[in-house]
Amino acid sequence: MNRRAFVSVTAAALTAGPIAPRHVDPALIDYFQQQLEGHYRADMLLGPHDLIGTVSAQYELIDRLVHVATGETRRGLLRVGAAYAALVGWLYQDAGDLGGASFWRGTTQEIAMRSRDRHLIAYSLVNQAQVRTDLGDGHGVVDLCEAALDGSGQLAPKVKVMALQQQAHGASLINDRAAVDRLIDQADGLLARVDDDLPWGNACRRTPCYLEVQRATCYGRLGLGAEADSLWRQVLDRLPATARRDRGVYLARHATAAAIAQEPDHAVAITREAVLIAVDTGSERMRRELTTLRHAMSPWHDAPVGHDLDEVLAPVTARG
């Protein structure tokens, strides 16, 4: 990352110099929490590029208020600030900027530690593990998730679910199917107990078939094409229209599973819709999934179905 890009990534997180004293109304905590839910919904529809500026600017405001707030108001702002930093980190990750994502995941962990909120500290470690997943570091993912689960008897079920499913992704990266199934089954046993009012980390409640999505993704990494294909069919049938960006990612993964299962024509048919969503949202994560698909389709590179795939992928390829 060049210096100008790094300054752009970090500017909103690093408030320098003294801040003029002011009264900070505790009602602002609820205001920022309500805004956060709207940002999560917009992320599913828009993708990262249109939201990074908005969410990071709100984090910058929260950080300035933290400098002058006191007591429980300050602690509450730290908690909501950690959630905003986590979302900014996710947006950079989805945009394909893993350096920016790592910086903001680190900011999330710092703010979580300052808040002394055990749930947020574990959540921040799971966020770090997500970046390690994208880097292909299975052992790093497992280490971070195990750290998040230390003393898990005091963690909210939602946080445990997040850590367990992310650890399953780490297990898939080191080719341990037994651990994948054990961890996701363990998370599934906790899902019905998720009943907290924490404003962050609610994908497990918001996403239909949440754990089936994780299992299907892990199976795809493990090369279990037929098993993954069957799961993706179930997931996509239940996905709401509002989850458009996620649908694009899942379609790309489904297409890869079909290719691994030796069904190239089926893979190309699935890819058509995924490409339309990839172009609209600008999700680099989706582009990476389509690159994975291209590799899975390499046995048919010179066949008519391979040429069909090239034609379908052309709008994404044209955007660089």
# chains A, B, ... in the order shown; residues from 1 in each chain; ligands from 1
$ residues_around --residues "Gln93 of chain A" --least-positions-apart "5" --cutoff "8 Å" --atoms "only C-alpha atoms" --output "PyMOL selection string"
chain A and resi 98+100-101+131+285
$ write_last_selection --atoms "all heavy atoms" --output "PDB file, in the first residue's frame"
ATOM      1  N   LEU A  98      -6.921  -5.760   1.877  1.00  0.00           N
ATOM      2  CA  LEU A  98      -6.672  -6.491   3.117  1.00  0.00           C
ATOM      3  C   LEU A  98      -5.758  -5.724   4.061  1.00  0.00           C
ATOM      4  O   LEU A  98      -5.817  -5.910   5.286  1.00  0.00           O
ATOM      5  CB  LEU A  98      -6.094  -7.869   2.812  1.00  0.00           C
ATOM      6  CG  LEU A  98      -7.047  -8.825   2.079  1.00  0.00           C
ATOM      7  CD1 LEU A  98      -6.402 -10.198   1.928  1.00  0.00           C
ATOM      8  CD2 LEU A  98      -8.381  -8.951   2.794  1.00  0.00           C
ATOM      9  N   GLY A 100      -5.934  -2.359   4.461  1.00  0.00           N
ATOM     10  CA  GLY A 100      -6.875  -1.478   5.136  1.00  0.00           C
ATOM     11  C   GLY A 100      -7.747  -2.236   6.115  1.00  0.00           C
ATOM     12  O   GLY A 100      -8.027  -1.775   7.225  1.00  0.00           O
ATOM     13  N   ALA A 101      -8.180  -3.439   5.722  1.00  0.00           N
ATOM     14  CA  ALA A 101      -9.006  -4.262   6.609  1.00  0.00           C
ATOM     15  C   ALA A 101      -8.248  -4.610   7.879  1.00  0.00           C
ATOM     16  O   ALA A 101      -8.797  -4.529   8.988  1.00  0.00           O
ATOM     17  CB  ALA A 101      -9.446  -5.537   5.888  1.00  0.00           C
ATOM     18  N   VAL A 131      -9.942 -11.866   8.417  1.00  0.00           N
ATOM     19  CA  VAL A 131      -8.876 -11.421   7.511  1.00  0.00           C
ATOM     20  C   VAL A 131      -7.897 -12.561   7.266  1.00  0.00           C
ATOM     21  O   VAL A 131      -7.470 -12.803   6.127  1.00  0.00           O
ATOM     22  CB  VAL A 131      -8.142 -10.193   8.089  1.00  0.00           C
ATOM     23  CG1 VAL A 131      -6.984  -9.779   7.183  1.00  0.00           C
ATOM     24  CG2 VAL A 131      -9.109  -9.020   8.249  1.00  0.00           C
ATOM     25  N   ARG A 285     -14.539  -9.204  -3.096  1.00  0.00           N
ATOM     26  CA  ARG A 285     -14.694 -10.558  -2.587  1.00  0.00           C
ATOM     27  C   ARG A 285     -15.401 -11.425  -3.614  1.00  0.00           C
ATOM     28  O   ARG A 285     -15.043 -12.586  -3.840  1.00  0.00           O
ATOM     29  CB  ARG A 285     -15.482 -10.520  -1.272  1.00  0.00           C
ATOM     30  CG  ARG A 285     -15.576 -11.840  -0.547  1.00  0.00           C
ATOM     31  CD  ARG A 285     -16.088 -11.652   0.858  1.00  0.00           C
ATOM     32  NE  ARG A 285     -17.425 -11.083   0.866  1.00  0.00           N
ATOM     33  CZ  ARG A 285     -18.499 -11.703   1.350  1.00  0.00           C
ATOM     34  NH1 ARG A 285     -18.392 -12.912   1.840  1.00  0.00           N
ATOM     35  NH2 ARG A 285     -19.672 -11.126   1.348  1.00  0.00           N
TER      36      ARG A 285
END
$ residues_around --residues "segment 291-301 of chain A" --least-positions-apart "4" --cutoff "8 Å" --atoms "only C-alpha atoms" --output "NGL selection string"
:A and (252-253 or 255-256 or 259-260 or 264 or 287 or 305-307)
$ residues_around --residues "Leu46 of chain A" --least-positions-apart "5" --cutoff "9 Å" --atoms "only C-alpha atoms" --output "number ranges by chain"
A: 41, 51, 244-245, 280-282
$ write_last_selection --atoms "all heavy atoms" --output "compact mmCIF listing (two decimals), in the first residue's frame"
# COMPACT_ATOMS: atom_id res chain seq x y z
N ARG A 41 -27.81 -3.01 6.64
CA ARG A 41 -28.77 -3.29 5.56
C ARG A 41 -28.28 -2.73 4.23
O ARG A 41 -28.38 -3.37 3.18
CB ARG A 41 -30.14 -2.72 5.91
CG ARG A 41 -30.85 -3.43 7.06
CD ARG A 41 -32.34 -3.10 7.09
NE ARG A 41 -32.57 -1.67 7.21
CZ ARG A 41 -32.69 -1.03 8.37
NH1 ARG A 41 -32.58 -1.69 9.51
NH2 ARG A 41 -32.92 0.26 8.41
N LEU A 51 -20.14 2.96 0.86
CA LEU A 51 -20.38 3.10 2.30
C LEU A 51 -19.13 3.41 3.11
O LEU A 51 -19.23 3.92 4.23
CB LEU A 51 -21.00 1.81 2.85
CG LEU A 51 -22.47 1.57 2.54
CD1 LEU A 51 -22.91 0.23 3.12
CD2 LEU A 51 -23.33 2.68 3.12
N ARG A 244 -28.69 -8.93 -1.73
CA ARG A 244 -28.23 -9.08 -3.12
C ARG A 244 -26.74 -9.35 -3.20
O ARG A 244 -26.29 -10.19 -3.97
CB ARG A 244 -28.59 -7.82 -3.91
CG ARG A 244 -28.38 -7.98 -5.41
CD ARG A 244 -29.18 -6.96 -6.20
NE ARG A 244 -29.08 -7.23 -7.62
CZ ARG A 244 -28.17 -6.68 -8.41
NH1 ARG A 244 -27.31 -5.81 -7.91
NH2 ARG A 244 -28.12 -6.96 -9.69
N ARG A 245 -25.93 -8.59 -2.43
CA ARG A 245 -24.49 -8.80 -2.48
C ARG A 245 -24.13 -10.20 -2.01
O ARG A 245 -23.33 -10.90 -2.65
CB ARG A 245 -23.79 -7.74 -1.63
CG ARG A 245 -22.27 -7.62 -1.82
CD ARG A 245 -21.49 -8.59 -0.96
NE ARG A 245 -22.04 -8.73 0.38
CZ ARG A 245 -21.85 -7.85 1.35
NH1 ARG A 245 -21.14 -6.77 1.13
NH2 ARG A 245 -22.38 -8.05 2.56
N ASP A 280 -22.50 -4.66 -10.45
CA ASP A 280 -23.28 -3.63 -9.76
C ASP A 280 -22.68 -3.24 -8.43
O ASP A 280 -22.68 -2.06 -8.06
CB ASP A 280 -24.72 -4.12 -9.53
CG ASP A 280 -25.54 -4.10 -10.81
OD1 ASP A 280 -25.10 -3.49 -11.80
OD2 ASP A 280 -26.64 -4.71 -10.80
N THR A 281 -22.18 -4.19 -7.66
CA THR A 281 -21.75 -3.91 -6.29
C THR A 281 -20.27 -3.56 -6.17
O THR A 281 -19.86 -2.94 -5.20
CB THR A 281 -22.01 -5.12 -5.37
OG1 THR A 281 -21.24 -6.24 -5.84
CG2 THR A 281 -23.49 -5.48 -5.34
N GLY A 282 -19.46 -3.97 -7.14
CA GLY A 282 -18.03 -3.72 -7.04
C GLY A 282 -17.35 -4.49 -5.92
O GLY A 282 -16.30 -4.09 -5.43
$ residues_around --residues "segment 207-220 of chain A" --least-positions-apart "5" --cutoff "8 Å" --atoms "only C-alpha atoms" --output "tab-separated table (two decimals) with N, CA and C atoms, in the first residue's frame"
chain	number	residue	atom	x	y	z
A	165	GLN	N	-18.00	-20.88	14.03
A	165	GLN	CA	-18.12	-21.01	12.58
A	165	GLN	C	-16.86	-20.50	11.88
A	168	ALA	N	-14.26	-23.04	11.99
A	168	ALA	CA	-14.52	-24.06	10.98
A	168	ALA	C	-13.89	-23.67	9.64
A	169	HIS	N	-13.93	-22.38	9.31
A	169	HIS	CA	-13.26	-21.94	8.08
A	169	HIS	C	-11.76	-22.20	8.16
A	172	SER	N	-11.15	-25.78	7.51
A	172	SER	CA	-11.26	-26.14	6.09
A	172	SER	C	-9.98	-25.78	5.34
A	177	ARG	N	-11.82	-31.93	7.60
A	177	ARG	CA	-13.27	-31.97	7.46
A	177	ARG	C	-13.95	-32.33	8.79
A	180	VAL	N	-14.38	-29.30	10.76
A	180	VAL	CA	-15.40	-28.44	10.16
A	180	VAL	C	-16.79	-28.85	10.63
A	181	ASP	N	-17.12	-30.11	10.49
A	181	ASP	CA	-18.45	-30.59	10.86
A	181	ASP	C	-18.68	-30.47	12.37
A	184	ILE	N	-19.20	-26.63	13.28
A	184	ILE	CA	-20.46	-26.07	12.81
A	184	ILE	C	-21.64	-26.72	13.53
A	187	ALA	N	-21.86	-24.99	16.81
A	187	ALA	CA	-22.47	-23.67	16.66
A	187	ALA	C	-23.98	-23.80	16.47
A	188	ASP	N	-24.39	-24.80	15.70
A	188	ASP	CA	-25.82	-25.01	15.45
A	188	ASP	C	-26.57	-25.28	16.75
A	225	GLY	N	-17.44	-31.10	-3.94
A	225	GLY	CA	-18.32	-30.37	-4.85
A	225	GLY	C	-19.78	-30.75	-4.75
A	227	GLU	N	-21.48	-32.24	-2.31
A	227	GLU	CA	-22.07	-31.86	-1.02
A	227	GLU	C	-22.31	-30.35	-0.96
A	228	ALA	N	-21.34	-29.58	-1.43
A	228	ALA	CA	-21.49	-28.12	-1.42
A	228	ALA	C	-22.60	-27.68	-2.36
A	229	ASP	N	-22.69	-28.29	-3.53
A	229	ASP	CA	-23.73	-27.95	-4.51
A	229	ASP	C	-25.11	-28.14	-3.90
A	231	LEU	N	-25.99	-28.09	-0.73
A	231	LEU	CA	-26.24	-27.08	0.29
A	231	LEU	C	-26.53	-25.71	-0.31
A	232	TRP	N	-25.78	-25.34	-1.35
A	232	TRP	CA	-26.00	-24.02	-1.98
A	232	TRP	C	-27.40	-23.93	-2.59
A	235	VAL	N	-29.66	-23.04	0.29
A	235	VAL	CA	-29.42	-21.68	0.78
A	235	VAL	C	-30.03	-20.65	-0.15
A	238	ARG	N	-33.74	-19.84	-0.20
A	238	ARG	CA	-34.31	-19.15	0.96
A	238	ARG	C	-33.77	-17.73	1.15
A	239	LEU	N	-32.87	-17.29	0.28
A	239	LEU	CA	-32.24	-15.99	0.46
A	239	LEU	C	-33.18	-14.87	0.01
A	250	TYR	N	-22.62	-16.06	-2.94
A	250	TYR	CA	-23.06	-17.46	-2.82
A	250	TYR	C	-23.20	-18.11	-4.20
A	253	ARG	N	-19.79	-19.09	-5.39
A	253	ARG	CA	-19.33	-20.29	-4.70
A	253	ARG	C	-20.10	-21.53	-5.18
A	256	THR	N	-18.66	-22.66	-8.44
A	256	THR	CA	-17.41	-23.38	-8.23
A	256	THR	C	-17.68	-24.80	-7.76
A	257	ALA	N	-18.64	-24.96	-6.85
A	257	ALA	CA	-18.99	-26.30	-6.38
A	257	ALA	C	-19.48	-27.16	-7.54
$ closest_residue --among "A:Pro315, A:Pro304, A:Gln154, A:Asp246" --to "Arg272 of chain A" --atoms "only C-alpha atoms"
A:Pro315
$ atom_distance --atom1 "atom CA of Leu313 of chain A" --atom2 "atom CA of Gln234 of chain A"
24.8 Å
$ closest_residue --among "A:His119, A:Leu173, A:Gly189, A:Leu135" --to "Leu155 of chain A" --atoms "only C-alpha atoms"
A:His119
$ select_by_dssp --residues "segment 228-298 of chain A" --states "helix (DSSP H, G or I)" --output "PyMOL selection string"
chain A and resi 228-238+244-260+264-281+284-296+298
$ residues_around --residues "Ser283 of chain A" --least-positions-apart "6" --cutoff "7 Å" --atoms "only C-alpha atoms" --output "PyMOL selection string"
chain A and resi 47-48+94-95
$ write_last_selection --atoms "all heavy atoms" --output "PDB file, in the first residue's frame"
ATOM      1  N   GLY A  47     -22.851  -2.855  -1.499  1.00  0.00           N
ATOM      2  CA  GLY A  47     -21.453  -3.204  -1.558  1.00  0.00           C
ATOM      3  C   GLY A  47     -20.612  -2.157  -0.848  1.00  0.00           C
ATOM      4  O   GLY A  47     -21.134  -1.177  -0.303  1.00  0.00           O
ATOM      5  N   PRO A  48     -19.285  -2.319  -0.857  1.00  0.00           N
ATOM      6  CA  PRO A  48     -18.432  -1.535   0.049  1.00  0.00           C
ATOM      7  C   PRO A  48     -18.146  -0.098  -0.356  1.00  0.00           C
ATOM      8  O   PRO A  48     -18.069   0.785   0.496  1.00  0.00           O
ATOM      9  CB  PRO A  48     -17.135  -2.339   0.068  1.00  0.00           C
ATOM     10  CG  PRO A  48     -17.098  -3.028  -1.267  1.00  0.00           C
ATOM     11  CD  PRO A  48     -18.533  -3.357  -1.578  1.00  0.00           C
ATOM     12  N   ASP A  94     -14.168  -6.421   2.027  1.00  0.00           N
ATOM     13  CA  ASP A  94     -15.028  -6.738   0.890  1.00  0.00           C
ATOM     14  C   ASP A  94     -14.547  -6.036  -0.377  1.00  0.00           C
ATOM     15  O   ASP A  94     -14.720  -6.538  -1.483  1.00  0.00           O
ATOM     16  CB  ASP A  94     -16.473  -6.330   1.199  1.00  0.00           C
ATOM     17  CG  ASP A  94     -17.474  -6.923   0.219  1.00  0.00           C
ATOM     18  OD1 ASP A  94     -17.215  -8.023  -0.303  1.00  0.00           O
ATOM     19  OD2 ASP A  94     -18.512  -6.280  -0.037  1.00  0.00           O
ATOM     20  N   ALA A  95     -13.913  -4.867  -0.198  1.00  0.00           N
ATOM     21  CA  ALA A  95     -13.374  -4.135  -1.343  1.00  0.00           C
ATOM     22  C   ALA A  95     -12.028  -4.702  -1.812  1.00  0.00           C
ATOM     23  O   ALA A  95     -11.461  -4.215  -2.794  1.00  0.00           O
ATOM     24  CB  ALA A  95     -13.217  -2.656  -0.991  1.00  0.00           C
TER      25      ALA A  95
END
$ decode --residues "segment 17-47 of chain A" --atoms "N, CA, C and O atoms" --output "PDB file, in the first residue's frame"
ATOM      1  N   GLY A  17      -4.401  15.713  18.389  1.00  0.00           N
ATOM      2  CA  GLY A  17      -4.530  17.016  19.013  1.00  0.00           C
ATOM      3  C   GLY A  17      -5.654  17.083  20.024  1.00  0.00           C
ATOM      4  O   GLY A  17      -6.484  16.175  20.122  1.00  0.00           O
ATOM      5  N   PRO A  18      -5.720  18.185  20.773  1.00  0.00           N
ATOM      6  CA  PRO A  18      -6.765  18.336  21.800  1.00  0.00           C
ATOM      7  C   PRO A  18      -8.141  18.564  21.185  1.00  0.00           C
ATOM      8  O   PRO A  18      -8.259  19.129  20.100  1.00  0.00           O
ATOM      9  N   ILE A  19      -9.160  18.096  21.875  1.00  0.00           N
ATOM     10  CA  ILE A  19     -10.552  18.280  21.461  1.00  0.00           C
ATOM     11  C   ILE A  19     -11.212  19.223  22.457  1.00  0.00           C
ATOM     12  O   ILE A  19     -11.060  19.057  23.671  1.00  0.00           O
ATOM     13  N   ALA A  20     -11.933  20.211  21.948  1.00  0.00           N
ATOM     14  CA  ALA A  20     -12.579  21.178  22.832  1.00  0.00           C
ATOM     15  C   ALA A  20     -13.603  20.479  23.726  1.00  0.00           C
ATOM     16  O   ALA A  20     -14.378  19.647  23.249  1.00  0.00           O
ATOM     17  N   PRO A  21     -13.609  20.794  25.015  1.00  0.00           N
ATOM     18  CA  PRO A  21     -14.584  20.171  25.925  1.00  0.00           C
ATOM     19  C   PRO A  21     -16.019  20.474  25.494  1.00  0.00           C
ATOM     20  O   PRO A  21     -16.321  21.554  24.984  1.00  0.00           O
ATOM     21  N   ARG A  22     -16.904  19.513  25.690  1.00  0.00           N
ATOM     22  CA  ARG A  22     -18.318  19.689  25.385  1.00  0.00           C
ATOM     23  C   ARG A  22     -19.126  18.639  26.134  1.00  0.00           C
ATOM     24  O   ARG A  22     -18.600  17.600  26.526  1.00  0.00           O
ATOM     25  N   HIS A  23     -20.406  18.924  26.316  1.00  0.00           N
ATOM     26  CA  HIS A  23     -21.286  17.937  26.930  1.00  0.00           C
ATOM     27  C   HIS A  23     -21.659  16.885  25.885  1.00  0.00           C
ATOM     28  O   HIS A  23     -21.956  17.207  24.737  1.00  0.00           O
ATOM     29  N   VAL A  24     -21.614  15.617  26.283  1.00  0.00           N
ATOM     30  CA  VAL A  24     -21.975  14.520  25.383  1.00  0.00           C
ATOM     31  C   VAL A  24     -23.206  13.839  25.964  1.00  0.00           C
ATOM     32  O   VAL A  24     -23.138  13.211  27.023  1.00  0.00           O
ATOM     33  N   ASP A  25     -24.314  13.966  25.252  1.00  0.00           N
ATOM     34  CA  ASP A  25     -25.570  13.398  25.734  1.00  0.00           C
ATOM     35  C   ASP A  25     -25.539  11.878  25.557  1.00  0.00           C
ATOM     36  O   ASP A  25     -25.233  11.383  24.465  1.00  0.00           O
ATOM     37  N   PRO A  26     -25.874  11.120  26.580  1.00  0.00           N
ATOM     38  CA  PRO A  26     -25.879   9.652  26.443  1.00  0.00           C
ATOM     39  C   PRO A  26     -26.842   9.138  25.387  1.00  0.00           C
ATOM     40  O   PRO A  26     -26.683   8.016  24.897  1.00  0.00           O
ATOM     41  N   ALA A  27     -27.842   9.944  24.999  1.00  0.00           N
ATOM     42  CA  ALA A  27     -28.781   9.518  23.957  1.00  0.00           C
ATOM     43  C   ALA A  27     -28.076   9.285  22.623  1.00  0.00           C
ATOM     44  O   ALA A  27     -28.608   8.598  21.744  1.00  0.00           O
ATOM     45  N   LEU A  28     -26.881   9.855  22.468  1.00  0.00           N
ATOM     46  CA  LEU A  28     -26.135   9.650  21.219  1.00  0.00           C
ATOM     47  C   LEU A  28     -25.742   8.186  21.030  1.00  0.00           C
ATOM     48  O   LEU A  28     -25.588   7.732  19.892  1.00  0.00           O
ATOM     49  N   ILE A  29     -25.583   7.454  22.119  1.00  0.00           N
ATOM     50  CA  ILE A  29     -25.229   6.031  21.994  1.00  0.00           C
ATOM     51  C   ILE A  29     -26.323   5.297  21.238  1.00  0.00           C
ATOM     52  O   ILE A  29     -26.051   4.542  20.282  1.00  0.00           O
ATOM     53  N   ASP A  30     -27.572   5.519  21.636  1.00  0.00           N
ATOM     54  CA  ASP A  30     -28.704   4.875  20.958  1.00  0.00           C
ATOM     55  C   ASP A  30     -28.803   5.332  19.509  1.00  0.00           C
ATOM     56  O   ASP A  30     -29.095   4.528  18.612  1.00  0.00           O
ATOM     57  N   TYR A  31     -28.541   6.613  19.263  1.00  0.00           N
ATOM     58  CA  TYR A  31     -28.578   7.142  17.891  1.00  0.00           C
ATOM     59  C   TYR A  31     -27.586   6.395  16.998  1.00  0.00           C
ATOM     60  O   TYR A  31     -27.945   5.935  15.904  1.00  0.00           O
ATOM     61  N   PHE A  32     -26.349   6.249  17.450  1.00  0.00           N
ATOM     62  CA  PHE A  32     -25.340   5.574  16.632  1.00  0.00           C
ATOM     63  C   PHE A  32     -25.671   4.090  16.465  1.00  0.00           C
ATOM     64  O   PHE A  32     -25.425   3.517  15.396  1.00  0.00           O
ATOM     65  N   GLN A  33     -26.245   3.477  17.486  1.00  0.00           N
ATOM     66  CA  GLN A  33     -26.626   2.072  17.355  1.00  0.00           C
ATOM     67  C   GLN A  33     -27.715   1.889  16.299  1.00  0.00           C
ATOM     68  O   GLN A  33     -27.666   0.945  15.511  1.00  0.00           O
ATOM     69  N   GLN A  34     -28.687   2.789  16.268  1.00  0.00           N
ATOM     70  CA  GLN A  34     -29.745   2.700  15.263  1.00  0.00           C
ATOM     71  C   GLN A  34     -29.191   2.918  13.857  1.00  0.00           C
ATOM     72  O   GLN A  34     -29.594   2.241  12.908  1.00  0.00           O
ATOM     73  N   GLN A  35     -28.273   3.851  13.711  1.00  0.00           N
ATOM     74  CA  GLN A  35     -27.634   4.086  12.420  1.00  0.00           C
ATOM     75  C   GLN A  35     -26.867   2.849  11.954  1.00  0.00           C
ATOM     76  O   GLN A  35     -26.841   2.526  10.765  1.00  0.00           O
ATOM     77  N   LEU A  36     -26.269   2.146  12.885  1.00  0.00           N
ATOM     78  CA  LEU A  36     -25.462   0.971  12.557  1.00  0.00           C
ATOM     79  C   LEU A  36     -26.300  -0.090  11.845  1.00  0.00           C
ATOM     80  O   LEU A  36     -25.874  -0.663  10.838  1.00  0.00           O
ATOM     81  N   GLU A  37     -27.506  -0.345  12.335  1.00  0.00           N
ATOM     82  CA  GLU A  37     -28.363  -1.341  11.704  1.00  0.00           C
ATOM     83  C   GLU A  37     -28.692  -0.948  10.265  1.00  0.00           C
ATOM     84  O   GLU A  37     -28.725  -1.786   9.366  1.00  0.00           O
ATOM     85  N   GLY A  38     -28.916   0.350  10.036  1.00  0.00           N
ATOM     86  CA  GLY A  38     -29.160   0.817   8.675  1.00  0.00           C
ATOM     87  C   GLY A  38     -27.956   0.594   7.772  1.00  0.00           C
ATOM     88  O   GLY A  38     -28.102   0.242   6.592  1.00  0.00           O
ATOM     89  N   HIS A  39     -26.755   0.785   8.308  1.00  0.00           N
ATOM     90  CA  HIS A  39     -25.543   0.552   7.512  1.00  0.00           C
ATOM     91  C   HIS A  39     -25.405  -0.919   7.145  1.00  0.00           C
ATOM     92  O   HIS A  39     -24.983  -1.245   6.033  1.00  0.00           O
ATOM     93  N   TYR A  40     -25.740  -1.813   8.074  1.00  0.00           N
ATOM     94  CA  TYR A  40     -25.671  -3.244   7.766  1.00  0.00           C
ATOM     95  C   TYR A  40     -26.613  -3.574   6.604  1.00  0.00           C
ATOM     96  O   TYR A  40     -26.255  -4.336   5.693  1.00  0.00           O
ATOM     97  N   ARG A  41     -27.813  -3.015   6.638  1.00  0.00           N
ATOM     98  CA  ARG A  41     -28.773  -3.293   5.558  1.00  0.00           C
ATOM     99  C   ARG A  41     -28.279  -2.726   4.232  1.00  0.00           C
ATOM    100  O   ARG A  41     -28.384  -3.368   3.182  1.00  0.00           O
ATOM    101  N   ALA A  42     -27.746  -1.502   4.271  1.00  0.00           N
ATOM    102  CA  ALA A  42     -27.249  -0.883   3.046  1.00  0.00           C
ATOM    103  C   ALA A  42     -26.078  -1.658   2.471  1.00  0.00           C
ATOM    104  O   ALA A  42     -25.933  -1.769   1.243  1.00  0.00           O
ATOM    105  N   ASP A  43     -25.232  -2.219   3.326  1.00  0.00           N
ATOM    106  CA  ASP A  43     -24.088  -2.992   2.858  1.00  0.00           C
ATOM    107  C   ASP A  43     -24.534  -4.172   2.008  1.00  0.00           C
ATOM    108  O   ASP A  43     -23.922  -4.490   0.979  1.00  0.00           O
ATOM    109  N   MET A  44     -25.615  -4.826   2.402  1.00  0.00           N
ATOM    110  CA  MET A  44     -26.101  -5.979   1.639  1.00  0.00           C
ATOM    111  C   MET A  44     -26.605  -5.569   0.260  1.00  0.00           C
ATOM    112  O   MET A  44     -26.599  -6.359  -0.673  1.00  0.00           O
ATOM    113  N   LEU A  45     -27.030  -4.306   0.119  1.00  0.00           N
ATOM    114  CA  LEU A  45     -27.599  -3.843  -1.146  1.00  0.00           C
ATOM    115  C   LEU A  45     -26.582  -3.144  -2.040  1.00  0.00           C
ATOM    116  O   LEU A  45     -26.645  -3.250  -3.269  1.00  0.00           O
ATOM    117  N   LEU A  46     -25.635  -2.415  -1.434  1.00  0.00           N
ATOM    118  CA  LEU A  46     -24.766  -1.528  -2.200  1.00  0.00           C
ATOM    119  C   LEU A  46     -23.362  -2.065  -2.428  1.00  0.00           C
ATOM    120  O   LEU A  46     -22.720  -1.714  -3.412  1.00  0.00           O
ATOM    121  N   GLY A  47     -22.851  -2.855  -1.499  1.00  0.00           N
ATOM    122  CA  GLY A  47     -21.453  -3.204  -1.558  1.00  0.00           C
ATOM    123  C   GLY A  47     -20.612  -2.157  -0.848  1.00  0.00           C
ATOM    124  O   GLY A  47     -21.134  -1.177  -0.303  1.00  0.00           O
TER     125      GLY A  47
END
